[in-house]
Amino acid sequence: KYSRGMSVLAPSQYMHRSSAGLSNFHYYRSLRVSSPIAYRFCTSEATKSTSTQTPNPTQQPPPAPAKLTQSKSTVDHPVPTYESIDWDTSDMIDIEYTLIGRKRDRLDSLFRPKHVLVVGASDRPFSLSSYVVKNLLDSSANVKNRKLTLVSPRQDQVFGRPTCRSIVEVDGKPELALIMTGGKKTLEVMQDIIDITPSVKCIVLYGTDFDTLDPASGMRYIDLVYEKAKAANIRILGPNSSGVLDSQGLSALFGPPTSHQRGNLALLSNSGALINALLDWSEKEQFGFSFVASLGRMVDIGWDDMIRYL
């Protein structure tokens, strides 16, 4: 429910036999996360059973398998046990990585960020930014501890929320930046993100006008933005993207607000118009998507990245 089919299996080195065959076989069933509970692995001690191939009838029977709830067992090498602990629902996206000991995928910052930065926020009716910000506010209402920071040089408030006049005023560590500006302005914004908010791992470029040449370098703005992002290890979705949607609590799509149901099928497309049409259809047919992504022109993130992540 909170991860993409993650399972945790006991390592084979913790399985051992006794004189009675498998009677002292310590095993652990695979664990699947299905509620806001994480499991913490710890170590305990237990006795080591020694035996020969031929059972000795005078030998004492082997001890019963250690229960998962006991704090100490009787084997001389560590045997993993687990105990349930309370887990903040804002950290559900980290459960699978906490359990199996690997780092989060960089694209988790695209679909399941803890802090979203919107550059060029506006509530002007029918503007690109107003649709994206409104969808973000609606989808984040029920997500605990997700932070949303709006940057607008012209407005003190957007949909009743206070804004920052520039990225310099941004507080915290945003993971995802949604950039509504065009090519020339995006180049300046990109440099500010690298210098001031290096925590950003992914950006979505909604704007156009990226094929215009920069007078100073003679290169296209999209090429300059990509070079800066690549040097800073930041992934780009777009340009000309219509945004992303994760059915578990993020909608950063350019389009009218709709009630999206959860499903098991992901939707990927270059066309924002096609995505909006399919979302309208799915709402009428009561059909849900798990992830939705508008890839735009795919200057960086492409089909291979998305399919690998999903």
# chains A, B, ... in the order shown; residues from 1 in each chain; ligands from 1
>>> select_by_dssp(residues="segment 113-215 of chain A", states="alpha helix (DSSP H)", output="NGL selection string")
:A and (128-140 or 183-196)
>>> closest_atom_pairs(of="segment 132-246 of chain A", to="segment 275-282 of chain A", cutoff="12 Å", atoms="only C-alpha atoms", output="CSV")
residue,atom,partner,partner_atom,distance
A:Ser241,CA,A:Ile275,CA,10.9
A:Ser242,CA,A:Ile275,CA,8.6
A:Gly243,CA,A:Ile275,CA,10.0
A:Val244,CA,A:Ile275,CA,10.1
A:Leu245,CA,A:Ile275,CA,10.6
>>> closest_residue(among="A:Val200, A:Ile236, A:Val158, A:Val299", to="Leu176 of chain A", atoms="only C-alpha atoms")
A:Val200
>>> select_by_dssp(residues="segment 109-197 of chain A", states="strand (DSSP E or B)", output="number ranges by chain")
A: 115-119, 147-151, 157-158, 161-162, 164, 176-179
>>> closest_residue(among="A:Ala141, A:Ile234, A:Val225, A:Ser130", to="Gly249 of chain A", atoms="only C-alpha atoms")
A:Ala141
>>> residues_around(residues="Lys185 of chain A", least_positions_apart="4", cutoff="12 Å", atoms="only C-alpha atoms", output="ChimeraX atom specification")
/A:119-120,179-181,189-192,205,207-210,212,214,221-222,224-225
>>> closest_atom_pairs(of="segment 201-301 of chain A", to="segment 123-127 of chain A", cutoff="12 Å", atoms="only C-alpha atoms", output="tab-separated table")
residue	atom	partner	partner_atom	distance
A:Tyr206	CA	A:Ser127	CA	11.8
A:Gly207	CA	A:Ser127	CA	11.7
A:Phe254	CA	A:Ser127	CA	9.3
A:Gly255	CA	A:Phe126	CA	9.5
A:Pro256	CA	A:Phe126	CA	9.4
>>> write_last_selection(atoms="all heavy atoms", output="mmCIF file, in the first residue's frame")
data_model
loop_
_atom_site.group_PDB
_atom_site.id
_atom_site.type_symbol
_atom_site.label_atom_id
_atom_site.label_comp_id
_atom_site.auth_asym_id
_atom_site.auth_seq_id
_atom_site.Cartn_x
_atom_site.Cartn_y
_atom_site.Cartn_z
ATOM 1 N N TYR A 206 7.606 23.676 -17.022
ATOM 2 C CA TYR A 206 6.311 23.786 -17.683
ATOM 3 C C TYR A 206 6.360 24.742 -18.876
ATOM 4 O O TYR A 206 5.535 24.660 -19.769
ATOM 5 C CB TYR A 206 5.254 24.300 -16.695
ATOM 6 C CG TYR A 206 4.922 23.349 -15.570
ATOM 7 C CD1 TYR A 206 5.708 23.279 -14.432
ATOM 8 C CD2 TYR A 206 3.799 22.537 -15.638
ATOM 9 C CE1 TYR A 206 5.394 22.431 -13.394
ATOM 10 C CE2 TYR A 206 3.460 21.682 -14.597
ATOM 11 C CZ TYR A 206 4.277 21.629 -13.481
ATOM 12 O OH TYR A 206 3.963 20.773 -12.450
ATOM 13 N N GLY A 207 7.298 25.677 -18.840
ATOM 14 C CA GLY A 207 7.293 26.779 -19.789
ATOM 15 C C GLY A 207 7.731 26.403 -21.186
ATOM 16 O O GLY A 207 8.133 25.268 -21.490
ATOM 17 N N PHE A 254 -1.033 20.495 -14.937
ATOM 18 C CA PHE A 254 -1.643 21.675 -15.536
ATOM 19 C C PHE A 254 -2.972 21.237 -16.144
ATOM 20 O O PHE A 254 -3.025 20.618 -17.204
ATOM 21 C CB PHE A 254 -0.730 22.266 -16.606
ATOM 22 C CG PHE A 254 -1.390 23.303 -17.471
ATOM 23 C CD1 PHE A 254 -2.135 24.327 -16.905
ATOM 24 C CD2 PHE A 254 -1.259 23.257 -18.853
ATOM 25 C CE1 PHE A 254 -2.754 25.291 -17.708
ATOM 26 C CE2 PHE A 254 -1.858 24.206 -19.662
ATOM 27 C CZ PHE A 254 -2.618 25.219 -19.082
ATOM 28 N N GLY A 255 -4.033 21.544 -15.438
ATOM 29 C CA GLY A 255 -5.358 21.142 -15.886
ATOM 30 C C GLY A 255 -6.376 21.394 -14.800
ATOM 31 O O GLY A 255 -6.016 21.645 -13.643
ATOM 32 N N PRO A 256 -7.656 21.347 -15.137
ATOM 33 C CA PRO A 256 -8.701 21.574 -14.138
ATOM 34 C C PRO A 256 -8.633 20.533 -13.026
ATOM 35 O O PRO A 256 -8.299 19.370 -13.288
ATOM 36 C CB PRO A 256 -10.007 21.431 -14.941
ATOM 37 C CG PRO A 256 -9.602 21.620 -16.369
ATOM 38 C CD PRO A 256 -8.212 21.110 -16.479
#
>>> atom_distance(atom1="atom CA of Thr149 of chain A", atom2="atom CA of Thr163 of chain A")
7.1 Å
>>> atom_distance(atom1="atom CA of Leu110 of chain A", atom2="atom CA of Gly238 of chain A")
12.2 Å
>>> closest_residue(among="A:Lys144, A:Cys164, A:Gln157, A:Ile301", to="Ala229 of chain A", atoms="only C-alpha atoms")
A:Ile301
>>> residues_around(residues="Ser199 of chain A", least_positions_apart="5", cutoff="6 Å", atoms="only C-alpha atoms", output="PDB file with C-alpha atoms, in the first residue's frame")
ATOM      1  CA  LYS A 173      15.173  21.951   1.972  1.00  0.00           C
ATOM      2  CA  PRO A 174      12.894  21.568  -1.054  1.00  0.00           C
ATOM      3  CA  GLU A 175      13.295  18.369  -3.074  1.00  0.00           C
TER       4      GLU A 175
END
>>> residues_around(residues="Ser290 of chain A", least_positions_apart="6", cutoff="7 Å", atoms="only C-alpha atoms", output="PyMOL selection string")
chain A and resi 246-247+262-266
>>> atom_distance(atom1="atom CA of Ala177 of chain A", atom2="atom CA of Asn270 of chain A")
19.7 Å
>>> closest_residue(among="A:Ser129, A:Ala216, A:Ser294, A:Leu250", to="Lys147 of chain A", atoms="only C-alpha atoms")
A:Leu250
